[in-house]
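Have a look at the structure below, then the notes.
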Amino acid sequence: MAVSTALQEAFNRHINAEFYSSYLYLSMSTYCDSIDLPGFAHWMRIQSQEEYDHAMRLLTYLEDRDGRVTLLPIEQPPIEFDAVEDVMRQTLEHEQHVSHLINQLYAVAAECADFASQVMLQWFVNEQVEEEKTARDVIASLDKVAGRSDALLLLDREMGARTLAPAAA
Ligand code: FEO
C-alpha cells in the first residue's frame with residue numbers, strides 16, 4: 001500500500017531537514033577545523049555523515065512505499081560561531097528541534113493510520129533521545145574543561161576517536 005499524499009509530503013519535508021542537519025554539522029566541522037580543534041572537526045564530520053545516512057534511510061523507505069521523493073532546497077547553515085561551546089549549544093538546540101519534527105512526522109503517520117511508517121519511525125524517535133543526550137554530555141565535558149587549554153586538548157583528542165555508528169553505517 002502506498003503512503004498517503006499528506007504523509008508523502010511530511011516525509012519529503014523531513015528528508016530535507018535531515019539533509020540540512022548534515023549540512024549544518026559539516027559547517028560546524030569546518031569551523032572547528034578553523035579554530036584548530038581537529039578532534040571536534042572530526043566528530044562533526046561523523047555527525048554530518050550520520051545525518052546524511054538518516055536522510056537516505058527515509059528517502060529509501062519512501063521509495064519502497066511507492067512514494068515520490070521530492071528533493072527540496074537546502075538552506076544555508078550558519079558559517080561562524082562564537083566558540084566550540086557555542087557550536088555544541090547550537091547542536092543541542094538543533095537536535096531538540098529535530099526531535100520535535102520527528103514527533104510531528106510520527107503524528108502524521110498516526111493520523112493516516114499508517115502502521116508501517118510508525119514502526120519505521122520508532123528508530124528515529126529513539127535515535128533522537130540518544131542525539132540529545134550525546135550533545136548534553138559534550139556540553140557537560142566542556143563545562144568541566146572551563147577554558148583550560150590542556151584539558152581542552154585532551155577532550156579534543158577524545159572527540160577525534162569517534163567512529164560511525166553501526167546503525168547508520
Ligand atoms: Fe538525524 Fe540528528 O537527527
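Going through the C-alpha cells in order, the chains are called A, B, and so on, while each chain numbers its residues from 1 and the ligands are numbered from 1 in the order shown.
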Hey, which residues come within 12 Å of ligand 1 if we count only C-alpha atoms and all ligand atoms? Could you give them as a PDB file with C-alpha atoms, in the first residue's frame?
ATOM      1  CA  HIS A  14      11.737  15.620   6.938  1.00  0.00           C
ATOM      2  CA  ILE A  15      14.202  14.241   4.372  1.00  0.00           C
ATOM      3  CA  ASN A  16      15.089  17.895   3.729  1.00  0.00           C
ATOM      4  CA  ALA A  17      15.521  18.533   7.485  1.00  0.00           C
ATOM      5  CA  GLU A  18      17.979  15.634   7.756  1.00  0.00           C
ATOM      6  CA  PHE A  19      19.977  16.849   4.737  1.00  0.00           C
ATOM      7  CA  TYR A  20      20.050  20.309   6.351  1.00  0.00           C
ATOM      8  CA  SER A  21      21.337  18.714   9.571  1.00  0.00           C
ATOM      9  CA  SER A  22      24.136  17.092   7.571  1.00  0.00           C
ATOM     10  CA  TYR A  23      24.991  20.471   6.009  1.00  0.00           C
ATOM     11  CA  LEU A  24      24.852  22.250   9.394  1.00  0.00           C
ATOM     12  CA  TYR A  25      27.252  19.784  11.046  1.00  0.00           C
ATOM     13  CA  MET A  44      31.215  16.877  13.461  1.00  0.00           C
ATOM     14  CA  ILE A  46      30.911  11.878  11.565  1.00  0.00           C
ATOM     15  CA  GLN A  47      27.776  13.646  12.815  1.00  0.00           C
ATOM     16  CA  SER A  48      27.247  15.083   9.338  1.00  0.00           C
ATOM     17  CA  GLN A  49      27.689  11.628   7.777  1.00  0.00           C
ATOM     18  CA  GLU A  50      25.141  10.136  10.183  1.00  0.00           C
ATOM     19  CA  GLU A  51      22.601  12.817   9.262  1.00  0.00           C
ATOM     20  CA  TYR A  52      23.151  12.087   5.570  1.00  0.00           C
ATOM     21  CA  ASP A  53      22.512   8.422   6.356  1.00  0.00           C
ATOM     22  CA  HIS A  54      19.293   9.373   8.202  1.00  0.00           C
ATOM     23  CA  ALA A  55      18.082  11.296   5.142  1.00  0.00           C
ATOM     24  CA  MET A  56      18.920   8.377   2.846  1.00  0.00           C
ATOM     25  CA  ARG A  57      17.206   5.911   5.156  1.00  0.00           C
ATOM     26  CA  LEU A  58      13.969   7.943   4.951  1.00  0.00           C
ATOM     27  CA  GLN A  90      23.557  25.057  18.907  1.00  0.00           C
ATOM     28  CA  THR A  91      23.921  21.309  18.280  1.00  0.00           C
ATOM     29  CA  LEU A  92      21.717  20.533  21.290  1.00  0.00           C
ATOM     30  CA  GLU A  93      19.146  23.156  20.253  1.00  0.00           C
ATOM     31  CA  HIS A  94      19.101  21.754  16.721  1.00  0.00           C
ATOM     32  CA  GLU A  95      18.617  18.181  17.930  1.00  0.00           C
ATOM     33  CA  GLN A  96      15.745  19.301  20.177  1.00  0.00           C
ATOM     34  CA  HIS A  97      14.182  20.919  17.110  1.00  0.00           C
ATOM     35  CA  VAL A  98      14.666  17.723  15.051  1.00  0.00           C
ATOM     36  CA  SER A  99      13.048  15.682  17.850  1.00  0.00           C
ATOM     37  CA  HIS A 100      10.028  17.967  17.558  1.00  0.00           C
ATOM     38  CA  LEU A 101       9.952  17.458  13.761  1.00  0.00           C
ATOM     39  CA  ILE A 102      10.192  13.666  14.132  1.00  0.00           C
ATOM     40  CA  ASN A 103       7.294  13.742  16.594  1.00  0.00           C
ATOM     41  CA  LEU A 121       9.883   5.956  12.614  1.00  0.00           C
ATOM     42  CA  TRP A 123      14.009   4.027  15.264  1.00  0.00           C
ATOM     43  CA  PHE A 124      14.209   7.799  14.721  1.00  0.00           C
ATOM     44  CA  VAL A 125      12.269   8.547  17.917  1.00  0.00           C
ATOM     45  CA  ASN A 126      14.819   6.501  19.906  1.00  0.00           C
ATOM     46  CA  GLU A 127      17.746   7.955  17.961  1.00  0.00           C
ATOM     47  CA  GLN A 128      16.685  11.494  18.958  1.00  0.00           C
ATOM     48  CA  VAL A 129      16.873  10.557  22.646  1.00  0.00           C
ATOM     49  CA  GLU A 130      20.482   9.462  22.034  1.00  0.00           C
ATOM     50  CA  GLU A 131      21.341  12.521  19.932  1.00  0.00           C
ATOM     51  CA  GLU A 132      20.147  14.948  22.609  1.00  0.00           C
ATOM     52  CA  LYS A 133      21.922  13.010  25.380  1.00  0.00           C
ATOM     53  CA  THR A 134      25.205  12.958  23.434  1.00  0.00           C
ATOM     54  CA  ALA A 135      25.106  16.739  22.866  1.00  0.00           C
ATOM     55  CA  ALA A 167      23.168   1.598  12.683  1.00  0.00           C
ATOM     56  CA  ALA A 168      23.998   4.457  10.336  1.00  0.00           C
TER      57      ALA A 168
END
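Near A:Leu155, within 10 Å and counting only C-alpha atoms, sit Leu37, Gly39, Phe40, Val138, Ser141, Leu142, Val145, Ser149, Asp150 and Gly160 of chain A; same-chain residues fewer than 5 positions away were not included.
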Requested in this report: Choose the residue, out of A:Ala146, A:Leu154, A:Ala2, A:Leu7, that has the smallest atom-to-atom separation from A:Arg65; count only C-alpha atoms.
Outcome: A:Ala2
**Report entry** Pairwise distance for atom CA of A:Thr30 and atom CA of A:Glu158, rounded to one decimal in Å
**Finding:**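 About the pair atom CA of A:Thr30 and atom CA of A:Glu158: they are 18.1 Å apart.
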Report summary line: Residue with the minimum atom-to-atom distance to A:Tyr31, picked from A:Ile79, A:Leu59, A:Cys112, A:Ala6 with only C-alpha atoms counted, is A:Ile79
Query raised in the report: Suppose you want the space between atom CA of A:Arg13 and atom CA of A:Asp114; what is it in Å?
Result: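 Atom-to-atom, atom CA of A:Arg13 to atom CA of A:Asp114, that is 17.4 Å.
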Requested in this report: Could you tell me how far atom CA of A:Leu71 lies from atom CA of A:Thr163, in Å and to one decimal?
Outcome: 28.3 Å
Requested in this report: Return the single residue from A:Met1, A:Leu105, A:Met88, A:Ile139 that is closest to A:Met28, with distances computed using only C-alpha atoms.
Outcome: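 When distances to A:Met28 are compared using only C-alpha atoms, the smallest one comes from A:Met88.
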Report task. Pick out the closest residue to A:Pro77 from this set: A:Ala41, A:Leu62, A:Leu26, A:Ala161. Count only C-alpha atoms. Result ->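 The shortest atom-to-atom distance to A:Pro77 comes from A:Leu26.
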Query raised in the report: Among chain A, which ones does DSSP place in alpha helix (DSSP H), written as a PyMOL selection string?
Result: chain A and resi 5-34+38-64+84-111+115-145+149-159
Requested in this report: Return the single residue from A:Val3, A:Ala10, A:Leu152, A:Ile35 that is closest to A:Val108, with distances computed using only C-alpha atoms.
Outcome: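 Smallest distance to A:Val108 is found for A:Ala10.
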